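Reproduced below: my_file-v4.json, with JSON, C-alpha atoms and all ligand atoms.
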```
[["chain", "number", "residue", "atom", "x", "y", "z"],
["A", 1, "MET", "CA", 9.95, 21.26, -14.49],
["A", 2, "LEU", "CA", 8.90, 21.70, -10.89],
["A", 3, "GLY", "CA", 11.89, 21.19, -8.59],
["A", 4, "LYS", "CA", 11.74, 18.74, -5.71],
["A", 5, "ASP", "CA", 13.73, 20.79, -3.21],
["A", 6, "TYR", "CA", 12.34, 23.15, -0.57],
["A", 7, "GLU", "CA", 15.38, 25.39, -0.39],
["A", 8, "ARG", "CA", 13.80, 28.10, 1.75],
["A", 9, "GLN", "CA", 12.29, 25.73, 4.31],
["A", 10, "ASP", "CA", 14.40, 25.31, 7.41],
["A", 11, "CYS", "CA", 12.40, 22.29, 8.52],
["A", 12, "ALA", "CA", 13.06, 18.57, 8.95],
["A", 13, "ILE", "CA", 9.68, 17.70, 7.39],
["A", 14, "ALA", "CA", 10.57, 19.63, 4.23],
["A", 15, "ARG", "CA", 13.98, 17.89, 4.11],
["A", 16, "SER", "CA", 12.27, 14.49, 4.45],
["A", 17, "LEU", "CA", 9.84, 15.28, 1.66],
["A", 18, "GLU", "CA", 12.75, 16.08, -0.65],
["A", 19, "VAL", "CA", 13.61, 12.38, -0.34],
["A", 20, "ILE", "CA", 10.19, 10.69, -0.16],
["A", 21, "GLY", "CA", 7.76, 13.28, -1.53],
["A", 22, "GLU", "CA", 7.77, 12.22, -5.17],
["A", 23, "ARG", "CA", 4.92, 10.19, -6.60],
["A", 24, "TRP", "CA", 5.54, 6.41, -6.26],
["A", 25, "THR", "CA", 8.50, 6.69, -3.88],
["A", 26, "MET", "CA", 6.60, 5.81, -0.70],
["A", 27, "LEU", "CA", 4.82, 2.94, -2.43],
["A", 28, "ILE", "CA", 8.20, 1.53, -3.43],
["A", 29, "VAL", "CA", 9.35, 1.87, 0.18],
["A", 30, "ARG", "CA", 6.11, 0.17, 1.28],
["A", 31, "ASP", "CA", 6.77, -2.79, -1.01],
["A", 32, "ALA", "CA", 10.42, -2.97, 0.09],
["A", 33, "LEU", "CA", 9.30, -3.07, 3.74],
["A", 34, "ILE", "CA", 7.02, -5.96, 2.87],
["A", 35, "GLY", "CA", 9.97, -7.79, 1.29],
["A", 36, "VAL", "CA", 9.87, -7.03, -2.44],
["A", 37, "ARG", "CA", 13.46, -6.87, -3.71],
["A", 38, "ARG", "CA", 13.46, -7.37, -7.48],
["A", 39, "PHE", "CA", 12.82, -4.76, -10.18],
["A", 40, "ASN", "CA", 10.33, -6.99, -12.00],
["A", 41, "ASP", "CA", 8.38, -7.66, -8.81],
["A", 42, "PHE", "CA", 8.12, -3.95, -7.95],
["A", 43, "GLN", "CA", 7.04, -3.31, -11.52],
["A", 44, "ALA", "CA", 4.36, -6.01, -11.58],
["A", 45, "HIS", "CA", 2.98, -5.18, -8.14],
["A", 46, "LEU", "CA", 2.89, -1.40, -8.62],
["A", 47, "ASP", "CA", 1.94, -1.22, -12.32],
["A", 48, "ILE", "CA", 4.50, 1.56, -12.59],
["A", 49, "PRO", "CA", 6.23, 2.58, -15.83],
["A", 50, "LYS", "CA", 9.70, 1.02, -15.93],
["A", 51, "ALA", "CA", 11.47, 4.34, -16.50],
["A", 52, "VAL", "CA", 9.77, 5.85, -13.43],
["A", 53, "LEU", "CA", 10.58, 2.83, -11.28],
["A", 54, "SER", "CA", 14.19, 2.94, -12.40],
["A", 55, "ASP", "CA", 14.39, 6.67, -11.61],
["A", 56, "ARG", "CA", 12.83, 6.28, -8.15],
["A", 57, "LEU", "CA", 15.01, 3.30, -7.20],
["A", 58, "SER", "CA", 18.14, 5.20, -8.26],
["A", 59, "GLY", "CA", 17.00, 8.16, -6.17],
["A", 60, "LEU", "CA", 16.38, 5.97, -3.13],
["A", 61, "VAL", "CA", 19.87, 4.44, -3.49],
["A", 62, "GLU", "CA", 21.44, 7.87, -4.00],
["A", 63, "ASP", "CA", 19.67, 9.23, -0.92],
["A", 64, "GLY", "CA", 20.82, 6.30, 1.23],
["A", 65, "LEU", "CA", 17.40, 4.69, 1.79],
["A", 66, "MET", "CA", 18.09, 1.60, -0.31],
["A", 67, "GLU", "CA", 21.07, -0.49, -1.30],
["A", 68, "ARG", "CA", 21.53, -2.18, -4.65],
["A", 69, "ARG", "CA", 23.48, -5.42, -4.95],
["A", 70, "PRO", "CA", 23.88, -8.17, -7.55],
["A", 71, "ASP", "CA", 21.08, -10.74, -7.56],
["A", 72, "PRO", "CA", 22.77, -14.10, -6.86],
["A", 73, "GLU", "CA", 19.97, -15.96, -8.64],
["A", 74, "HIS", "CA", 19.75, -13.85, -11.81],
["A", 75, "ALA", "CA", 23.00, -12.84, -13.51],
["A", 76, "GLY", "CA", 23.05, -9.19, -14.53],
["A", 77, "ARG", "CA", 20.11, -8.23, -12.34],
["A", 78, "HIS", "CA", 20.00, -6.58, -8.93],
["A", 79, "LEU", "CA", 18.32, -6.78, -5.56],
["A", 80, "TYR", "CA", 17.10, -3.60, -3.85],
["A", 81, "GLU", "CA", 16.96, -3.62, -0.07],
["A", 82, "LEU", "CA", 16.24, -0.95, 2.53],
["A", 83, "THR", "CA", 19.08, 0.48, 4.59],
["A", 84, "PRO", "CA", 18.51, 1.20, 8.30],
["A", 85, "ALA", "CA", 17.45, 4.74, 7.29],
["A", 86, "GLY", "CA", 14.91, 3.26, 4.87],
["A", 87, "ARG", "CA", 13.56, 0.82, 7.47],
["A", 88, "ASP", "CA", 13.11, 3.78, 9.79],
["A", 89, "LEU", "CA", 10.22, 4.85, 7.55],
["A", 90, "TRP", "CA", 8.05, 2.03, 8.95],
["A", 91, "PRO", "CA", 6.30, 4.26, 11.54],
["A", 92, "VAL", "CA", 5.66, 6.86, 8.83],
["A", 93, "LEU", "CA", 4.03, 4.30, 6.56],
["A", 94, "HIS", "CA", 2.06, 2.81, 9.43],
["A", 95, "SER", "CA", 0.75, 6.26, 10.35],
["A", 96, "LEU", "CA", -0.26, 6.87, 6.73],
["A", 97, "LEU", "CA", -2.09, 3.56, 6.73],
["A", 98, "VAL", "CA", -3.98, 4.44, 9.90],
["A", 99, "TRP", "CA", -4.82, 7.93, 8.65],
["A", 100, "GLY", "CA", -5.87, 6.65, 5.24],
["A", 101, "GLY", "CA", -8.04, 3.98, 6.83],
["A", 102, "ARG", "CA", -9.82, 6.63, 8.87],
["A", 103, "HIS", "CA", -10.24, 9.29, 6.24],
["A", 104, "ARG", "CA", -9.83, 7.81, 2.74],
["A", 105, "HIS", "CA", -10.17, 4.09, 2.13],
["A", 106, "PRO", "CA", -10.75, 1.05, 4.35],
["A", 107, "ASN", "CA", -7.44, -0.57, 5.28],
["A", 108, "SER", "CA", -7.07, -4.15, 4.07],
["A", 109, "ARG", "CA", -4.05, -5.10, 6.16],
["A", 110, "VAL", "CA", -3.65, -6.29, 9.73],
["A", 111, "PHE", "CA", -0.29, -6.00, 11.52],
["A", 112, "LYS", "CA", 0.62, -8.22, 14.47],
["A", 113, "HIS", "CA", 3.58, -8.43, 16.81],
["A", 114, "ALA", "CA", 5.26, -11.64, 15.59],
["A", 115, "ALA", "CA", 6.51, -12.59, 19.07],
["A", 116, "CYS", "CA", 3.05, -12.75, 20.69],
["A", 117, "GLY", "CA", 0.52, -12.60, 17.82],
["A", 118, "THR", "CA", -1.22, -9.50, 19.20],
["A", 119, "ARG", "CA", -2.59, -6.91, 16.79],
["A", 120, "LEU", "CA", -0.72, -3.58, 16.87],
["A", 121, "ASP", "CA", -2.71, -0.52, 17.90],
["A", 122, "ASP", "CA", -2.97, 2.67, 15.84],
["A", 123, "MET", "CA", 0.31, 3.92, 17.32],
["A", 124, "GLY", "CA", 2.11, 0.77, 16.14],
["A", 125, "VAL", "CA", 2.42, -0.47, 19.73],
["A", 126, "CYS", "CA", 1.74, -4.05, 20.85],
["A", 127, "PRO", "CA", -0.81, -3.63, 23.66],
["A", 128, "ARG", "CA", 0.28, -6.90, 25.25],
["A", 129, "CYS", "CA", 4.05, -6.22, 25.34],
["A", 130, "GLY", "CA", 3.84, -2.42, 25.60],
["A", 131, "SER", "CA", 6.51, -1.89, 22.94],
["A", 132, "ALA", "CA", 6.52, -0.77, 19.31],
["A", 133, "PRO", "CA", 8.16, -3.59, 17.34],
["A", 134, "GLY", "CA", 10.34, -2.86, 14.31],
["A", 135, "PRO", "CA", 9.26, -4.17, 10.91],
["A", 136, "GLU", "CA", 11.39, -7.32, 11.28],
["A", 137, "ASP", "CA", 9.15, -8.31, 14.23],
["A", 138, "ILE", "CA", 5.82, -7.66, 12.54],
["A", 139, "LEU", "CA", 3.49, -10.07, 10.74],
["A", 140, "MET", "CA", 1.19, -8.76, 8.01],
["A", 141, "GLU", "CA", -2.12, -10.42, 7.16],
["A", 142, "LEU", "CA", -5.00, -9.43, 4.93],
["A", 143, "SER", "CA", -8.37, -8.71, 6.49],
["A", 144, "ARG", "CA", -10.89, -11.37, 5.62],
["A", 145, "GLY", "CA", -12.36, -10.87, 2.16],
["A", 146, "ARG", "CA", -10.19, -7.88, 1.32],
["A", 147, "GLY", "CA", -7.13, -7.26, -0.83],
["A", 148, "ARG", "CA", -8.06, -9.84, -3.47],
["A", 149, "LEU", "CA", -8.23, -7.40, -6.36],
["A", 150, "ARG", "CA", -4.72, -7.94, -7.71],
["A", 151, "ASP", "CA", -3.32, -11.20, -8.99],
["A", 152, "ASP", "CA", 0.29, -10.35, -9.80],
["A", 153, "PRO", "CA", 2.87, -12.75, -8.24],
["A", 154, "VAL", "CA", 3.60, -10.44, -5.28],
["A", 155, "ALA", "CA", -0.08, -9.96, -4.45],
["A", 156, "VAL", "CA", -0.65, -13.72, -4.65],
["A", 157, "ALA", "CA", 2.34, -14.42, -2.36],
["A", 158, "LEU", "CA", 1.00, -11.91, 0.17],
["A", 159, "ARG", "CA", -2.35, -13.66, 0.56],
["A", 160, "ALA", "CA", -0.63, -15.77, 3.21],
["A", 161, "PRO", "CA", 0.59, -14.13, 6.45],
["A", 162, "HIS", "CA", 4.02, -12.62, 5.84],
["A", 163, "ARG", "CA", 6.72, -11.24, 8.11],
["A", 164, "LEU", "CA", 7.84, -7.77, 7.02],
["A", 165, "LEU", "CA", 11.27, -7.61, 5.36],
["A", 166, "ASP", "CA", 11.28, -11.38, 4.69],
["A", 167, "PRO", "CA", 11.87, -11.70, 0.94],
["A", 168, "VAL", "CA", 8.61, -12.21, -0.95],
["A", 169, "GLU", "CA", 8.94, -15.44, -2.94],
["A", 170, "THR", "CA", 7.45, -15.00, -6.41],
["A", 201, "ZN", "ZN", 3.60, -8.39, 21.73]]
```

Go ahead and render the structure in this file as structure tokens.
Ligand SMILES: [Zn+2]
Amino acid sequence: MLGKDYERQDCAIARSLEVIGERWTMLIVRDALIGVRRFNDFQAHLDIPKAVLSDRLSGLVEDGLMERRPDPEHAGRHLYELTPAGRDLWPVLHSLLVWGGRHRHPNSRVFKHAACGTRLDDMGVCPRCGSAPGPEDILMELSRGRGRLRDDPVAVALRAPHRLLDPVET
């Protein structure tokens, strides 16, 4: 099996990719930033095999990007939430979204500074306030007519404007 470490690379990018470079990992972080917290919700929204999801979530917990705690509403189940190090991936995901929108696939999401309602620019900065808000201060909306392809409970919940990191109610 191909290893996931870049042992001979003395580089912070290589070290980061050891943590987030596996298939699915960044999409799990994306969903967690949006506010998905339950295994079943990740599974339904990502269409990911359960064994892979379980492996990636364990890896994210082991690497300190997510925390796992008992789900108060469902005995025996868990909630997965980003740690501060995990939340710090917001600018990385935003940059991927901007790059992908330019070079790969039209972006279906709009991000606004929650405090003033202004759309963030491509650098993740609010042009009105001159600052780059953290995910907890960002509202996500779908562009008109886009993002209607999926109808799992998470996708349906996200058709309304949603503040990042607020738990998605399914
Ligand atoms: Zn603002």

How would you report the residues lying within 12 Å of ligand ZN 201 (chain A), as a PDB file with C-alpha atoms, in the coordinates of the input, if you count all atoms listed in the file?
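As a result, out21.pdb now contains:
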```pdb
ATOM      1  CA  PHE A 111      -0.290  -6.000  11.520  1.00  0.00           C
ATOM      2  CA  LYS A 112       0.620  -8.220  14.470  1.00  0.00           C
ATOM      3  CA  HIS A 113       3.580  -8.430  16.810  1.00  0.00           C
ATOM      4  CA  ALA A 114       5.260 -11.640  15.590  1.00  0.00           C
ATOM      5  CA  ALA A 115       6.510 -12.590  19.070  1.00  0.00           C
ATOM      6  CA  CYS A 116       3.050 -12.750  20.690  1.00  0.00           C
ATOM      7  CA  GLY A 117       0.520 -12.600  17.820  1.00  0.00           C
ATOM      8  CA  THR A 118      -1.220  -9.500  19.200  1.00  0.00           C
ATOM      9  CA  ARG A 119      -2.590  -6.910  16.790  1.00  0.00           C
ATOM     10  CA  LEU A 120      -0.720  -3.580  16.870  1.00  0.00           C
ATOM     11  CA  ASP A 121      -2.710  -0.520  17.900  1.00  0.00           C
ATOM     12  CA  GLY A 124       2.110   0.770  16.140  1.00  0.00           C
ATOM     13  CA  VAL A 125       2.420  -0.470  19.730  1.00  0.00           C
ATOM     14  CA  CYS A 126       1.740  -4.050  20.850  1.00  0.00           C
ATOM     15  CA  PRO A 127      -0.810  -3.630  23.660  1.00  0.00           C
ATOM     16  CA  ARG A 128       0.280  -6.900  25.250  1.00  0.00           C
ATOM     17  CA  CYS A 129       4.050  -6.220  25.340  1.00  0.00           C
ATOM     18  CA  GLY A 130       3.840  -2.420  25.600  1.00  0.00           C
ATOM     19  CA  SER A 131       6.510  -1.890  22.940  1.00  0.00           C
ATOM     20  CA  ALA A 132       6.520  -0.770  19.310  1.00  0.00           C
ATOM     21  CA  PRO A 133       8.160  -3.590  17.340  1.00  0.00           C
ATOM     22  CA  GLY A 134      10.340  -2.860  14.310  1.00  0.00           C
ATOM     23  CA  ASP A 137       9.150  -8.310  14.230  1.00  0.00           C
ATOM     24  CA  ILE A 138       5.820  -7.660  12.540  1.00  0.00           C
ATOM     25  CA  LEU A 139       3.490 -10.070  10.740  1.00  0.00           C
TER      26      LEU A 139
END
```

As JSON, numbers by chain, please: the residues near Leu96 in chain A (cut-off 12 Å, all atoms listed in the file, same-chain neighbours under 3 positions excluded).
{"A": [26, 27, 30, 89, 90, 91, 92, 93, 99, 100, 101, 102, 103, 104, 105, 107, 122, 123, 124]}

Taken to one decimal, the CA of Ala157 in chain A-CA of Phe42 in chain A distance is 13.2 Å

With all atoms listed in the file as the atoms that count, which of A:Cys11, A:Leu142, A:Ala75, A:Val110 lies nearest to Ala155 in chain A?
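Nearest candidate to Ala155 in chain A out of A:Cys11, A:Leu142, A:Ala75, A:Val110: A:Leu142.
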
Smallest atom-to-atom distance to Val36 in chain A: which of A:Val19, A:Ala85, A:Leu79, A:Met140, using all atoms listed in the file?
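Among the listed residues, A:Leu79 lies closest to Val36 in chain A.
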
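Taking CA of Gly59 in chain A and CA of Glu22 in chain A as endpoints, the distance between them is 10.1 Å.
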
Here is a test: counting only C-alpha atoms, which residue of A:Ala160, A:Asp88, A:Phe39, A:Pro135 is nearest to Arg69 in chain A?
A:Phe39

Which residues come within 9 Å of Leu60 in chain A, counting all atoms listed in the file, excluding same-chain residues fewer than 2 positions away, as a PyMOL selection string?
chain A and resi 19-20+25+29+55-58+62-67+82+86

Saved selection, atoms kept: C-alpha atoms, as a PDB file, in the frame of the given file:
```
ATOM      1  CA  VAL A  19      13.610  12.380  -0.340  1.00  0.00           C
ATOM      2  CA  ILE A  20      10.190  10.690  -0.160  1.00  0.00           C
ATOM      3  CA  THR A  25       8.500   6.690  -3.880  1.00  0.00           C
ATOM      4  CA  VAL A  29       9.350   1.870   0.180  1.00  0.00           C
ATOM      5  CA  ASP A  55      14.390   6.670 -11.610  1.00  0.00           C
ATOM      6  CA  ARG A  56      12.830   6.280  -8.150  1.00  0.00           C
ATOM      7  CA  LEU A  57      15.010   3.300  -7.200  1.00  0.00           C
ATOM      8  CA  SER A  58      18.140   5.200  -8.260  1.00  0.00           C
ATOM      9  CA  GLU A  62      21.440   7.870  -4.000  1.00  0.00           C
ATOM     10  CA  ASP A  63      19.670   9.230  -0.920  1.00  0.00           C
ATOM     11  CA  GLY A  64      20.820   6.300   1.230  1.00  0.00           C
ATOM     12  CA  LEU A  65      17.400   4.690   1.790  1.00  0.00           C
ATOM     13  CA  MET A  66      18.090   1.600  -0.310  1.00  0.00           C
ATOM     14  CA  GLU A  67      21.070  -0.490  -1.300  1.00  0.00           C
ATOM     15  CA  LEU A  82      16.240  -0.950   2.530  1.00  0.00           C
ATOM     16  CA  GLY A  86      14.910   3.260   4.870  1.00  0.00           C
TER      17      GLY A  86
END
```

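The gap separating CA of Arg109 in chain A from CA of Arg159 in chain A is 10.4 Å, in Å to one decimal.
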
Rebuild N, CA and C atoms on range 56-68 of chain A, as a tab-separated table (two decimals), in the frame of the given file?
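Once written, result_14.tsv looks like this:
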```
chain	number	residue	atom	x	y	z
A	56	ARG	N	13.09	6.21	-9.59
A	56	ARG	CA	12.83	6.28	-8.15
A	56	ARG	C	13.79	5.39	-7.36
A	57	LEU	N	14.07	4.19	-7.89
A	57	LEU	CA	15.01	3.30	-7.20
A	57	LEU	C	16.40	3.93	-7.15
A	58	SER	N	16.83	4.53	-8.26
A	58	SER	CA	18.14	5.20	-8.26
A	58	SER	C	18.18	6.32	-7.22
A	59	GLY	N	17.07	7.07	-7.14
A	59	GLY	CA	17.00	8.16	-6.17
A	59	GLY	C	17.08	7.64	-4.75
A	60	LEU	N	16.38	6.54	-4.48
A	60	LEU	CA	16.38	5.97	-3.13
A	60	LEU	C	17.78	5.47	-2.76
A	61	VAL	N	18.49	4.90	-3.74
A	61	VAL	CA	19.87	4.44	-3.49
A	61	VAL	C	20.77	5.65	-3.26
A	62	GLU	N	20.62	6.65	-4.12
A	62	GLU	CA	21.44	7.87	-4.00
A	62	GLU	C	21.22	8.56	-2.65
A	63	ASP	N	20.00	8.55	-2.18
A	63	ASP	CA	19.67	9.23	-0.92
A	63	ASP	C	19.93	8.35	0.31
A	64	GLY	N	20.42	7.14	0.09
A	64	GLY	CA	20.82	6.30	1.23
A	64	GLY	C	19.68	5.55	1.89
A	65	LEU	N	18.52	5.43	1.21
A	65	LEU	CA	17.40	4.69	1.79
A	65	LEU	C	17.38	3.23	1.34
A	66	MET	N	18.02	2.98	0.19
A	66	MET	CA	18.09	1.60	-0.31
A	66	MET	C	19.50	1.29	-0.75
A	67	GLU	N	19.80	-0.02	-0.77
A	67	GLU	CA	21.07	-0.49	-1.30
A	67	GLU	C	20.78	-1.42	-2.47
A	68	ARG	N	21.66	-1.36	-3.46
A	68	ARG	CA	21.53	-2.18	-4.65
A	68	ARG	C	22.69	-3.16	-4.67
```
